[in-house]
Structures are given as structure tokens and as C-alpha cells.
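A.B. asks: The structure file entry.csv (CSV, C-alpha atoms) is provided below.
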chain,number,residue,atom,x,y,z
J,1,MET,CA,0.0,0.0,0.0
J,2,ARG,CA,1.3,3.5,-0.9
J,3,ARG,CA,2.1,5.8,1.9
J,4,GLY,CA,-0.3,8.6,2.7
J,5,GLY,CA,-0.4,11.8,0.7
J,6,ASN,CA,0.0,15.4,1.9
J,7,LEU,CA,-3.2,17.3,2.0
J,8,GLU,CA,-3.7,21.1,2.2
J,9,LEU,CA,-6.7,23.3,2.5
J,10,VAL,CA,-6.2,26.9,1.5
J,11,ASN,CA,-8.7,29.6,2.5
J,12,VAL,CA,-11.7,27.2,2.2
J,13,THR,CA,-15.1,28.9,2.7
J,14,LYS,CA,-18.6,27.3,2.4
J,15,TYR,CA,-22.1,28.6,2.7
J,16,TYR,CA,-25.4,26.7,2.9
J,17,GLY,CA,-27.6,29.3,1.3
J,18,LYS,CA,-27.0,32.4,3.3
J,19,THR,CA,-25.7,30.5,6.3
J,20,LEU,CA,-21.9,30.5,6.7
J,21,ALA,CA,-20.7,26.9,7.4
J,22,VAL,CA,-16.9,27.4,7.4
J,23,LYS,CA,-14.8,30.5,6.8
J,24,ASN,CA,-11.2,30.8,5.4
J,25,ILE,CA,-10.2,27.4,6.7
J,26,SER,CA,-6.5,26.6,6.1
J,27,PHE,CA,-4.4,23.7,7.3
J,28,ARG,CA,-1.9,21.1,6.1
J,29,VAL,CA,-2.0,17.4,6.9
J,30,ASN,CA,1.3,15.7,6.5
J,31,SER,CA,1.9,12.3,4.9
J,32,GLY,CA,1.0,9.4,7.3
J,33,GLU,CA,-0.4,11.8,10.0
J,34,PHE,CA,-3.4,11.1,12.1
J,35,PHE,CA,-5.2,14.5,12.1
J,36,THR,CA,-8.4,15.0,14.0
J,37,ILE,CA,-10.9,17.8,13.5
J,38,LEU,CA,-12.6,18.3,16.9
J,39,GLY,CA,-15.6,20.4,17.8
J,40,PRO,CA,-19.2,20.6,18.9
J,41,SER,CA,-22.2,19.9,16.7
J,42,GLY,CA,-22.6,22.6,14.0
J,43,CYS,CA,-19.0,23.8,14.1
J,44,GLY,CA,-18.3,22.8,10.5
J,45,LYS,CA,-16.1,19.7,10.9
J,46,THR,CA,-18.2,17.4,8.8
J,47,THR,CA,-18.5,20.1,6.1
J,48,ILE,CA,-14.7,20.2,5.9
J,49,LEU,CA,-14.5,16.4,5.6
J,50,LYS,CA,-17.1,16.4,2.8
J,51,ILE,CA,-15.2,19.2,1.0
J,52,ILE,CA,-12.0,17.1,1.2
J,53,ALA,CA,-13.9,14.1,-0.1
J,54,GLY,CA,-15.4,16.1,-3.0
J,55,ILE,CA,-18.9,15.5,-1.9
J,56,LEU,CA,-19.3,19.3,-1.4
J,57,LYS,CA,-17.6,22.0,-3.4
J,58,PRO,CA,-16.3,25.0,-1.6
J,59,ASP,CA,-17.5,28.5,-2.5
J,60,SER,CA,-13.9,29.7,-2.4
J,61,GLY,CA,-10.5,28.3,-1.6
J,62,LYS,CA,-8.8,25.2,-2.8
J,63,ILE,CA,-7.7,21.7,-1.8
J,64,LEU,CA,-4.3,20.4,-2.7
J,65,LEU,CA,-3.1,16.8,-2.7
J,66,ASP,CA,0.7,16.5,-2.9
J,67,GLY,CA,0.7,20.0,-4.3
J,68,GLU,CA,-1.8,19.3,-7.0
J,69,ASP,CA,-5.1,21.3,-7.0
J,70,ILE,CA,-8.0,18.7,-6.8
J,71,THR,CA,-10.7,21.2,-5.9
J,72,ASN,CA,-12.7,20.5,-9.0
J,73,ILE,CA,-11.9,16.8,-9.3
J,74,PRO,CA,-15.0,14.6,-8.5
J,75,PRO,CA,-15.0,12.2,-5.6
J,76,TYR,CA,-14.6,9.0,-7.5
J,77,GLU,CA,-11.4,10.3,-9.2
J,78,ARG,CA,-9.9,11.4,-5.8
J,79,ARG,CA,-10.0,7.8,-4.7
J,80,PHE,CA,-10.1,8.7,-1.0
J,81,GLY,CA,-11.4,6.2,1.6
J,82,TYR,CA,-14.4,7.4,3.5
J,83,VAL,CA,-15.9,5.7,6.6
J,84,PHE,CA,-19.3,7.0,7.5
J,85,GLN,CA,-20.8,7.3,10.9
J,86,ASN,CA,-23.5,4.7,10.1
J,87,TYR,CA,-20.9,2.5,8.2
J,88,ALA,CA,-23.2,2.6,5.0
J,89,LEU,CA,-22.9,-1.1,4.4
J,90,PHE,CA,-25.1,-2.8,1.8
J,91,PRO,CA,-27.5,-5.1,3.8
J,92,HIS,CA,-28.1,-7.4,0.8
J,93,MET,CA,-24.4,-8.0,0.3
J,94,THR,CA,-22.0,-10.3,2.1
J,95,VAL,CA,-18.9,-9.0,3.9
J,96,PHE,CA,-16.8,-10.0,0.9
J,97,GLU,CA,-19.2,-8.2,-1.5
J,98,ASN,CA,-19.2,-5.1,0.6
J,99,VAL,CA,-15.5,-4.8,0.8
J,100,ALA,CA,-15.1,-5.7,-2.9
J,101,PHE,CA,-17.7,-3.1,-4.1
J,102,GLY,CA,-15.4,-0.2,-4.7
J,103,LEU,CA,-12.8,-2.5,-6.4
J,104,LYS,CA,-15.4,-3.7,-8.8
J,105,ILE,CA,-16.3,-0.2,-9.7
J,106,ARG,CA,-12.7,0.4,-10.6
J,107,LYS,CA,-12.9,-2.7,-12.8
J,108,LEU,CA,-10.0,-4.6,-11.2
J,109,SER,CA,-9.5,-8.3,-12.1
J,110,LYS,CA,-11.3,-10.9,-10.0
J,111,GLU,CA,-8.0,-12.2,-8.8
J,112,GLU,CA,-6.8,-8.8,-7.6
J,113,ILE,CA,-10.2,-8.1,-6.0
J,114,ARG,CA,-10.0,-11.4,-4.1
J,115,GLU,CA,-6.4,-10.7,-2.9
J,116,ARG,CA,-7.2,-7.1,-1.8
J,117,VAL,CA,-10.4,-8.1,0.0
J,118,GLN,CA,-8.6,-10.9,1.9
J,119,GLU,CA,-5.7,-8.6,2.7
J,120,ALA,CA,-8.1,-5.9,4.1
J,121,LEU,CA,-10.1,-8.4,6.1
J,122,ARG,CA,-6.9,-9.8,7.6
J,123,MET,CA,-5.8,-6.4,8.6
J,124,VAL,CA,-9.1,-5.7,10.5
J,125,LYS,CA,-9.1,-9.3,11.9
J,126,LEU,CA,-12.2,-10.5,10.1
J,127,GLU,CA,-10.8,-13.5,8.2
J,128,GLY,CA,-13.6,-16.1,7.9
J,129,TYR,CA,-16.4,-13.5,7.9
J,130,GLU,CA,-16.5,-13.3,4.1
J,131,ASN,CA,-19.9,-14.9,3.7
J,132,ARG,CA,-21.7,-13.2,6.6
J,133,TYR,CA,-24.2,-10.4,6.1
J,134,PRO,CA,-24.2,-7.1,8.0
J,135,ARG,CA,-27.2,-8.1,10.1
J,136,GLU,CA,-25.2,-11.1,11.4
J,137,LEU,CA,-22.4,-8.8,12.7
J,138,SER,CA,-22.0,-6.8,15.9
J,139,GLY,CA,-21.6,-3.0,15.8
J,140,GLY,CA,-17.8,-3.3,16.1
J,141,GLU,CA,-17.6,-5.9,13.3
J,142,GLN,CA,-19.7,-3.7,11.0
J,143,GLN,CA,-17.3,-0.8,11.8
J,144,ARG,CA,-14.4,-3.0,10.8
J,145,VAL,CA,-16.0,-4.1,7.5
J,146,ALA,CA,-16.6,-0.4,6.6
J,147,LEU,CA,-12.9,0.2,7.5
J,148,ALA,CA,-11.8,-2.8,5.4
J,149,ARG,CA,-13.8,-1.5,2.4
J,150,SER,CA,-11.8,1.8,2.5
J,151,ILE,CA,-8.5,0.1,3.1
J,152,ALA,CA,-9.0,-2.2,0.2
J,153,LEU,CA,-9.0,0.8,-2.1
J,154,ARG,CA,-5.5,1.7,-0.9
J,155,PRO,CA,-6.3,5.3,-0.6
J,156,PRO,CA,-3.8,8.2,-0.3
J,157,ILE,CA,-6.2,9.8,2.3
J,158,LEU,CA,-8.5,8.0,4.7
J,159,LEU,CA,-11.5,10.1,6.0
J,160,LEU,CA,-13.5,9.0,9.1
J,161,ASP,CA,-16.7,10.7,10.1
J,162,GLU,CA,-17.3,9.9,13.8
J,163,PRO,CA,-17.0,6.1,13.0
J,164,LEU,CA,-17.1,5.0,16.7
J,165,SER,CA,-20.0,7.1,17.9
J,166,ASN,CA,-22.6,4.2,17.6
J,167,LEU,CA,-20.5,1.8,19.7
J,168,ASP,CA,-20.9,1.3,23.5
J,169,ALA,CA,-18.2,2.7,25.7
J,170,LYS,CA,-16.0,-0.5,26.2
J,171,LEU,CA,-16.1,-1.4,22.5
J,172,ARG,CA,-15.3,2.2,21.5
J,173,GLU,CA,-12.2,2.1,23.7
J,174,GLU,CA,-11.1,-1.2,22.1
J,175,MET,CA,-11.7,0.2,18.6
J,176,ARG,CA,-9.8,3.3,19.3
J,177,ALA,CA,-6.7,1.2,20.0
J,178,GLU,CA,-7.3,-1.1,17.0
J,179,LEU,CA,-7.8,1.8,14.6
J,180,LYS,CA,-4.7,3.7,15.8
J,181,THR,CA,-2.6,0.6,15.5
J,182,LEU,CA,-3.9,-0.1,12.0
J,183,GLN,CA,-3.4,3.4,10.8
J,184,ARG,CA,0.2,3.3,12.0
J,185,LYS,CA,0.7,0.0,10.2
J,186,LEU,CA,-0.7,1.3,6.9
J,187,GLY,CA,0.9,4.7,7.1
J,188,VAL,CA,-2.2,6.2,5.5
J,189,THR,CA,-2.8,9.9,6.0
J,190,THR,CA,-6.0,10.0,8.2
J,191,ILE,CA,-8.4,12.8,8.8
J,192,TYR,CA,-10.8,12.0,11.6
J,193,VAL,CA,-13.9,14.0,12.6
J,194,THR,CA,-15.3,13.7,16.1
J,195,HIS,CA,-16.9,15.6,19.0
J,196,ASP,CA,-15.3,13.2,21.5
J,197,GLN,CA,-12.4,14.9,23.3
J,198,LEU,CA,-11.0,11.6,24.5
J,199,GLU,CA,-10.9,10.2,21.0
J,200,ALA,CA,-9.1,13.3,19.7
J,201,LEU,CA,-6.5,13.4,22.5
J,202,SER,CA,-5.7,9.7,22.6
J,203,MET,CA,-5.5,9.0,18.9
J,204,SER,CA,-4.2,12.1,17.1
J,205,ASP,CA,-0.8,13.3,16.1
J,206,ARG,CA,-2.4,16.8,15.9
J,207,VAL,CA,-5.8,18.1,16.8
J,208,CYS,CA,-7.7,20.9,15.0
J,209,VAL,CA,-10.3,22.5,17.4
J,210,MET,CA,-13.1,24.2,15.6
J,211,SER,CA,-16.0,26.5,16.7
J,212,LYS,CA,-18.7,28.2,14.6
J,213,GLY,CA,-17.0,27.6,11.3
J,214,LYS,CA,-13.5,28.6,12.2
J,215,ILE,CA,-10.3,27.1,13.6
J,216,GLU,CA,-9.5,27.9,17.2
J,217,GLN,CA,-6.3,26.0,17.6
J,218,ILE,CA,-4.2,23.4,15.8
J,219,ASP,CA,-1.6,21.6,17.9
J,220,ARG,CA,-0.4,18.4,19.4
J,221,PRO,CA,-2.9,16.8,21.9
J,222,MET,CA,-0.8,17.7,25.0
J,223,GLU,CA,-0.4,21.3,23.8
J,224,VAL,CA,-4.1,21.7,23.2
J,225,TYR,CA,-4.9,20.3,26.6
J,226,ARG,CA,-2.1,22.1,28.6
J,227,LYS,CA,-1.7,25.3,26.6
J,228,PRO,CA,-5.1,26.3,25.1
J,229,LYS,CA,-4.9,29.5,23.1
J,230,ASN,CA,-8.2,30.9,24.1
J,231,PHE,CA,-11.1,30.5,26.5
J,232,PHE,CA,-13.2,28.3,24.1
J,233,VAL,CA,-10.4,25.7,23.8
J,234,ALA,CA,-9.7,25.7,27.5
J,235,ASN,CA,-13.4,25.3,28.3
J,236,PHE,CA,-14.1,22.7,25.6
J,237,ILE,CA,-11.2,20.4,26.1
J,238,GLY,CA,-11.5,18.5,29.3
J,239,GLU,CA,-12.6,19.9,32.6
J,240,ILE,CA,-11.4,23.1,34.2
J,241,ASN,CA,-11.7,25.5,37.2
J,242,SER,CA,-11.6,29.1,36.1
J,243,PHE,CA,-11.1,32.2,38.2
J,244,GLU,CA,-11.2,35.8,36.9
J,245,GLY,CA,-8.9,38.4,38.4
J,246,LYS,CA,-6.3,41.0,37.7
J,247,VAL,CA,-2.5,40.8,37.3
J,248,ALA,CA,-0.9,42.0,40.6
J,249,GLU,CA,2.8,41.1,39.9
J,250,ILE,CA,4.9,39.7,37.1
J,251,ALA,CA,8.1,37.9,38.0
J,252,ASP,CA,10.6,35.7,36.1
J,253,SER,CA,9.1,32.4,37.3
J,254,TYR,CA,5.5,33.3,38.1
J,255,VAL,CA,2.5,35.7,37.7
J,256,LYS,CA,0.7,36.8,40.8
J,257,VAL,CA,-3.0,37.3,40.2
J,258,LYS,CA,-5.5,38.9,42.6
J,259,ILE,CA,-8.8,37.1,42.7
J,260,GLY,CA,-11.3,38.9,44.9
J,261,ASP,CA,-9.3,39.6,48.1
J,262,GLU,CA,-7.0,36.7,47.6
J,263,PHE,CA,-3.8,36.1,45.6
J,264,VAL,CA,-3.0,33.2,43.3
J,265,PHE,CA,0.5,32.3,42.0
J,266,CYS,CA,0.6,31.0,38.5
J,267,SER,CA,3.2,29.9,36.0
J,268,ARG,CA,4.3,32.4,33.4
J,269,THR,CA,2.2,32.7,30.3
J,270,THR,CA,3.2,33.0,26.7
J,271,ASN,CA,0.9,36.0,26.5
J,272,LYS,CA,2.4,39.4,27.2
J,273,LEU,CA,0.7,40.6,30.3
J,274,MET,CA,0.6,44.0,32.0
J,275,SER,CA,-0.1,45.0,35.6
J,276,SER,CA,-3.8,45.2,36.5
J,277,GLU,CA,-4.8,43.5,33.3
J,278,ARG,CA,-7.9,41.3,33.5
J,279,VAL,CA,-7.1,37.6,33.2
J,280,ILE,CA,-8.6,34.2,33.7
J,281,VAL,CA,-6.7,31.6,35.7
J,282,PHE,CA,-7.3,27.9,34.8
J,283,VAL,CA,-6.6,24.8,36.8
J,284,ARG,CA,-7.5,21.3,35.9
J,285,PRO,CA,-9.4,19.2,38.6
J,286,GLU,CA,-6.7,16.5,38.4
J,287,ASP,CA,-4.0,19.1,39.3
J,288,ILE,CA,-5.7,20.2,42.5
J,289,MET,CA,-4.5,18.5,45.7
J,290,VAL,CA,-7.0,17.8,48.5
J,291,SER,CA,-6.0,17.1,52.0
J,292,ALA,CA,-7.5,16.9,55.5
J,293,SER,CA,-4.4,18.9,56.8
J,294,PRO,CA,-2.4,21.8,55.5
J,295,ILE,CA,-0.4,20.9,52.4
J,296,SER,CA,2.8,22.4,50.9
J,297,SER,CA,2.0,24.1,47.6
J,298,ASP,CA,2.2,27.5,45.9
J,299,ASN,CA,-1.5,28.1,46.4
J,300,ILE,CA,-3.4,26.7,49.4
J,301,PHE,CA,-6.9,27.4,50.7
J,302,GLU,CA,-9.3,26.1,53.3
J,303,GLY,CA,-12.5,24.7,51.9
J,304,LYS,CA,-15.6,22.7,52.7
J,305,ILE,CA,-16.8,19.6,50.7
J,306,VAL,CA,-20.3,20.2,49.5
J,307,ASN,CA,-20.6,17.1,47.2
J,308,SER,CA,-18.8,14.0,46.1
J,309,PHE,CA,-19.2,11.4,43.4
J,310,TYR,CA,-17.6,8.0,43.4
J,311,MET,CA,-16.2,7.3,39.9
J,312,GLY,CA,-14.5,3.9,40.5
J,313,ASP,CA,-10.8,4.9,40.1
J,314,ARG,CA,-11.2,8.3,41.8
J,315,ILE,CA,-13.7,10.5,43.6
J,316,GLN,CA,-14.9,13.8,42.2
J,317,TYR,CA,-15.2,16.4,44.9
J,318,TRP,CA,-17.0,19.8,44.8
J,319,ILE,CA,-15.4,22.0,47.4
J,320,ARG,CA,-16.5,25.5,48.4
J,321,VAL,CA,-13.7,27.9,48.9
J,322,ARG,CA,-15.3,31.1,50.2
J,323,ASN,CA,-17.9,32.0,47.5
J,324,ARG,CA,-16.4,29.7,44.8
J,325,LEU,CA,-16.9,26.1,44.0
J,326,ILE,CA,-13.8,24.1,43.0
J,327,LYS,CA,-13.9,20.7,41.3
J,328,ALA,CA,-11.1,18.3,42.3
J,329,TYR,CA,-10.3,14.6,41.9
J,330,SER,CA,-8.7,12.4,44.6
J,331,ARG,CA,-8.3,8.8,45.4
J,332,LYS,CA,-8.8,9.5,49.1
J,333,ILE,CA,-12.0,9.4,51.0
J,334,PHE,CA,-12.5,12.2,53.4
J,335,HIS,CA,-14.7,11.6,56.4
J,336,GLY,CA,-15.1,15.2,57.4
J,337,ASN,CA,-16.1,18.0,55.2
J,338,GLN,CA,-13.3,20.5,56.1
J,339,VAL,CA,-10.4,20.1,53.8
J,340,TYR,CA,-7.5,22.0,52.3
J,341,VAL,CA,-7.0,22.4,48.5
J,342,GLY,CA,-4.0,23.6,46.7
J,343,TRP,CA,-2.0,23.5,43.5
J,344,ASN,CA,1.5,24.5,42.3
J,345,LYS,CA,1.9,27.4,40.0
J,346,GLU,CA,3.1,25.2,37.2
J,347,SER,CA,-0.3,23.5,37.2
J,348,SER,CA,-2.2,26.6,36.2
J,349,TYR,CA,-2.2,28.8,33.1
J,350,ILE,CA,-3.5,32.2,32.3
J,351,LEU,CA,-5.4,33.8,29.4
J,352,LYS,CA,-6.3,37.4,28.9
J,353,VAL,CA,-10.0,38.2,29.2
J,354,GLU,CA,-11.4,38.4,25.7
Show the structure stored in the file as C-alpha cells.

C.D. replies:
Amino acid sequence: MRRGGNLELVNVTKYYGKTLAVKNISFRVNSGEFFTILGPSGCGKTTILKIIAGILKPDSGKILLDGEDITNIPPYERRFGYVFQNYALFPHMTVFENVAFGLKIRKLSKEEIRERVQEALRMVKLEGYENRYPRELSGGEQQRVALARSIALRPPILLLDEPLSNLDAKLREEMRAELKTLQRKLGVTTIYVTHDQLEALSMSDRVCVMSKGKIEQIDRPMEVYRKPKNFFVANFIGEINSFEGKVAEIADSYVKVKIGDEFVFCSRTTNKLMSSERVIVFVRPEDIMVSASPISSDNIFEGKIVNSFYMGDRIQYWIRVRNRLIKAYSRKIFHGNQVYVGWNKESSYILKVE
């Protein structure tokens, strides 16, 4: 199978009637990369995928494959693999016939079709399923048939539109691992659309976060999670505690922020800040320490547990610190409701108030 191609979108804009779907979208996906477009419903992510596939034509902008403009090339000539959310299997066809369908359209020989189908089914671990029908398969097996159908085409680009959303939680986790392993093995450039943050963070080389038809941030998963560029990304990716305040002091190793009548020490930010500037301090729940006795940290406060939720591997606590509620995770069970909470300055980050 050929290695994946380089794909580039340049200033792509699309309207549905008078409604703007996506505006001036530009990004590059490198050969063999697993690139995920992440965002809430209606943000434009599926529109982008369909434009890449050729199902939709942009109102302006262009799509390049290995430097060649393919904007006006129809879908069947692009020869991309496309795995739909509902798998789109033909119910009257066997597994073999479903996987072979695209190869027959391309008028390959019977021998080559047979070899490619067997190869694809072997890759997704469905050998021996050739004569079964979709109704005889589980959801995970149907998903793998749809994937095999795309793999058999040996596409330069593989497009996946929320392919795991119809699976239960345990199977979805298993399929994430299988899909990532298979993508690495094939080396195919993959563009994955999802609203599931965990899928995006765990599977991707890079994540493109979208909102209201525009790109908010493109970065590696850890950078998107730990260094969001704006409030939308910080609030959309994972869980956060946020506190608005004003810059009180800027030093080499920290920024001191006044929140109400208290001070919080934070790590330095890449944004240029000025004294008295309004900012928002963010702290992830998993970075907050909870203790029944005073703890050593840059920021420490007394609080009162107002609610707790057992989650198996951890407990989620809601803790009132003066007039604010703070969410924190801990493996410890606290029998009283008086606790101390704290976090080190490196665990927090700051954004300017937009």
C-alpha cells in the first residue's frame, strides 16, 4: 500500500444558502499523519470532511493533494477512503461483496479483488467472515467491515466521520486502540472527525479544534490540553476550574493574580501581560490536591466539601472555597467536610479576558 499523501486546504469557505458553514479554513495534513478535527455539533467539521472528499464543493478556496489542485476533481477520481458514521454497508451484500464493491467499480481483475479483500479483512481481523451479512455482525464488526472497504481501495487519504459514535463505551475504547494501530501500520494519511475529546486526545498526532466555522487551535494533543490558546479551547477540552482576576505582579518564574481579596500564584504565560490586566486563571481538577491537613503548595486554601461522586478509580469532589466552587479529583475518602485544597503554580495557566 502506498504511503499517505500530503493534503492542504487553502482559505476554504462554504455557505449553505446564506448560512456560513466554514470561513477561510487553512491547514496542512502531512503524509502518514493522524489529524483530528474536533468540535461541537454545527462547528463545520463534517462540512470540511465532505469538501475534502469532494462531496461538497467550496464556494472559495482550494484543496491540494501532494501540491496538485484537486478542488474540481469529482469524488470517484480522488480515490479517498471514506468511513461514514453509520458505516453505510449494503445489507443485501455479504462482507466480501461489501469490501469488494469499490474495487469492482474500478474494474480490477477478479484475482486482484480477491487478494485485496482478503488482505483488508486480515488487517481488521475479520478472516472467515466473508460470507456473513451485516445483520449477522456486531456493531464493532460492522465498523471494521466499513474500514476494510476503505483500506482495500489503498487510498492516499482516509476520511473518518465519527465512526465510533454508535458503539458502546467499552467497544469504543477497544476500537480506538485497533484503529490507531492499523493506521500506524498502513501509514495512510488519516483525517478523523469527532466531537469526542478523549478520542481526539488519545488517537491524534495533531488536533484541530473548531468552533462556529473557524479554527480555534491546531496543535499536538498535549499542547491543546495544557496550553489552550483561548477560552473556548480551554473550556471545551477536558474539565477546568476558572477564576477571573487582575494581574498583581509579574516575575521571572510566576505571575501573581488577585482574585477577589486573595492572591494566586501561576506559572508564566506565553501571552504578554501588564499589571492590573484582567485575566482568567485555569486549573484542571486533576491538578488540585485535596488534604485533611495543610499541604505544601504555591496556592493553598481552606474549603468545605459540599458534594462528592464516586467514579471507580477516583472520587470527584466539589469544594466550596469562600464563595467559589472548585472541582477536584482524589483517590482519598475524606470523612469530614473540612479540607485544604492547593496547586502548584506550574499546574495553572492564564489567558487574557477576551

A.B. asks: Quick check, in Å to one decimal: how far apart do CA of Ile105 in chain J and CA of Pro134 in chain J lie?

C.D. replies: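 Taking CA of Ile105 in chain J and CA of Pro134 in chain J, their separation equals 20.6 Å.
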
A.B. asks: Using only C-alpha atoms, what residues lie at most 10 Å away from (-23.6, 6.1, 11.1) (file coordinates), given as a PyMOL selection string?

C.D. replies: chain J and resi 83-89+143+161-166

A.B. asks: Of the candidates J:Gly213, J:Gly102, J:Gly187, J:Gly140, which one gets nearest to Ile25 in chain J if we count all atoms listed in the file?

C.D. replies: J:Gly213

A.B. asks: Using only C-alpha atoms, pick whichever of J:Asn337, J:Tyr254, J:Ile350, J:Gly260 has the shortest atom-to-atom distance to Ile280 in chain J.

C.D. replies: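 Counting only C-alpha atoms, the residue closest to Ile280 in chain J is J:Ile350.
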
A.B. asks: With distances taken over all atoms listed in the file, which residue among J:Val341, J:Leu103, J:Val321, J:Ile191 lies nearest Lys45 in chain J?

C.D. replies: J:Ile191

A.B. asks: Quick one, how far is CA of Gly44 in chain J from CA of Leu20 in chain J?

C.D. replies: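 Spanning CA of Gly44 in chain J to CA of Leu20 in chain J is a straight-line distance of 9.3 Å.
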
A.B. asks: Take CA of Lys272 in chain J and CA of Ser253 in chain J and report the distance between them in Å, one decimal.

C.D. replies: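 If I compute the distance from CA of Lys272 in chain J to CA of Ser253 in chain J, I get 14.0 Å.
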
A.B. asks: Could you name the residues that touch Tyr76 in chain J at 12 Å or less, counting all atoms listed in the file, but leaving out those on the same chain fewer than 6 positions away, as a list in words?

C.D. replies: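 In the requested format, the answer is Ala53, Gly54, Ile55, Ile70, Tyr82, Gly102, Leu103, Ile105, Arg106, Leu153 and Pro155 of chain J.
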
A.B. asks: Restricting the calculation to all atoms listed in the file: of J:Asn24, J:Asn6, J:Gln217, J:Ser330, which residue gets closest to Ser308 in chain J?

C.D. replies: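 Closest candidate: J:Ser330.
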
A.B. asks: From the set J:Glu244, J:Glu178, J:Glu199, J:Asp313, which residue has the shortest atom-to-atom contact distance to Phe231 in chain J, counting only C-alpha atoms?

C.D. replies: J:Glu244

A.B. asks: Taking all atoms listed in the file into account, name the residue in J:Leu198, J:Phe334, J:Asn235, J:Ser204 that is nearest to Ser293 in chain J.

C.D. replies: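 When distances to Ser293 in chain J are compared using all atoms listed in the file, the smallest one comes from J:Phe334.
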
A.B. asks: Find the spatial neighbours of Leu9 in chain J, counting only C-alpha atoms, within a cut-off of 10 Å - ignore same-chain residues fewer than 2 positions away - and output them as number ranges by chain.

C.D. replies: J: 7, 11-12, 24-29, 48, 51-52, 61-65, 69, 71

A.B. asks: Can you tell me, as a PyMOL selection string, what residues are no more than 7 Å from Arg220 in chain J when counting all atoms listed in the file, ignoring any on the same chain fewer than 3 positions away?

C.D. replies: chain J and resi 205-207+223-224

A.B. asks: What's around Ser276 in chain J at 7 Å? Count only C-alpha atoms, leave out sequence neighbours fewer than 4 positions away in its own chain, and write the answer as an mmCIF file with C-alpha atoms, keeping the file's coordinate frame.

C.D. replies:
data_model
loop_
_atom_site.group_PDB
_atom_site.id
_atom_site.type_symbol
_atom_site.label_atom_id
_atom_site.label_comp_id
_atom_site.auth_asym_id
_atom_site.auth_seq_id
_atom_site.Cartn_x
_atom_site.Cartn_y
_atom_site.Cartn_z
ATOM 1 C CA LYS J 246 -6.300 41.000 37.700
ATOM 2 C CA VAL J 247 -2.500 40.800 37.300
ATOM 3 C CA ALA J 248 -0.900 42.000 40.600
#

A.B. asks: Contacts of Thr13 in chain J at 6 Å or less, counting only C-alpha atoms, minus same-chain residues fewer than 4 places along, as an NGL selection string?

C.D. replies: :J and (22-24 or 58-60)

A.B. asks: What does range 118-129 of chain J look like written to a file with N, CA, C and O atoms, as a compact mmCIF listing (two decimals), in the first residue's frame?

C.D. replies:
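Once everything was written out, this is out-v9.txt:
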# COMPACT_ATOMS: atom_id res chain seq x y z
N GLN J 118 -9.14 -10.05 0.85
CA GLN J 118 -8.57 -10.91 1.88
C GLN J 118 -7.53 -10.17 2.72
O GLN J 118 -7.46 -10.32 3.94
N GLU J 119 -6.72 -9.36 2.04
CA GLU J 119 -5.71 -8.57 2.75
C GLU J 119 -6.37 -7.59 3.71
O GLU J 119 -5.96 -7.47 4.88
N ALA J 120 -7.41 -6.91 3.25
CA ALA J 120 -8.08 -5.91 4.09
C ALA J 120 -8.77 -6.56 5.27
O ALA J 120 -8.71 -6.07 6.40
N LEU J 121 -9.44 -7.71 5.04
CA LEU J 121 -10.12 -8.40 6.13
C LEU J 121 -9.12 -8.95 7.15
O LEU J 121 -9.40 -8.99 8.35
N ARG J 122 -7.98 -9.35 6.67
CA ARG J 122 -6.94 -9.84 7.57
C ARG J 122 -6.43 -8.70 8.46
O ARG J 122 -6.20 -8.89 9.66
N MET J 123 -6.30 -7.52 7.88
CA MET J 123 -5.82 -6.37 8.64
C MET J 123 -6.78 -5.98 9.76
O MET J 123 -6.36 -5.54 10.83
N VAL J 124 -8.09 -6.12 9.51
CA VAL J 124 -9.08 -5.74 10.54
C VAL J 124 -9.55 -6.96 11.34
O VAL J 124 -10.53 -6.89 12.08
N LYS J 125 -8.84 -8.08 11.17
CA LYS J 125 -9.10 -9.30 11.95
C LYS J 125 -10.52 -9.84 11.72
O LYS J 125 -11.24 -10.19 12.67
N LEU J 126 -10.90 -9.94 10.45
CA LEU J 126 -12.21 -10.49 10.11
C LEU J 126 -12.08 -11.63 9.10
O LEU J 126 -13.00 -11.87 8.31
N GLU J 127 -10.96 -12.35 9.11
CA GLU J 127 -10.85 -13.53 8.25
C GLU J 127 -11.91 -14.55 8.64
O GLU J 127 -12.19 -14.75 9.82
N GLY J 128 -12.54 -15.15 7.67
CA GLY J 128 -13.59 -16.13 7.93
C GLY J 128 -14.98 -15.53 7.98
O GLY J 128 -15.96 -16.25 8.14
N TYR J 129 -15.09 -14.21 7.86
CA TYR J 129 -16.39 -13.53 7.89
C TYR J 129 -16.91 -13.21 6.49
O TYR J 129 -17.93 -12.56 6.34
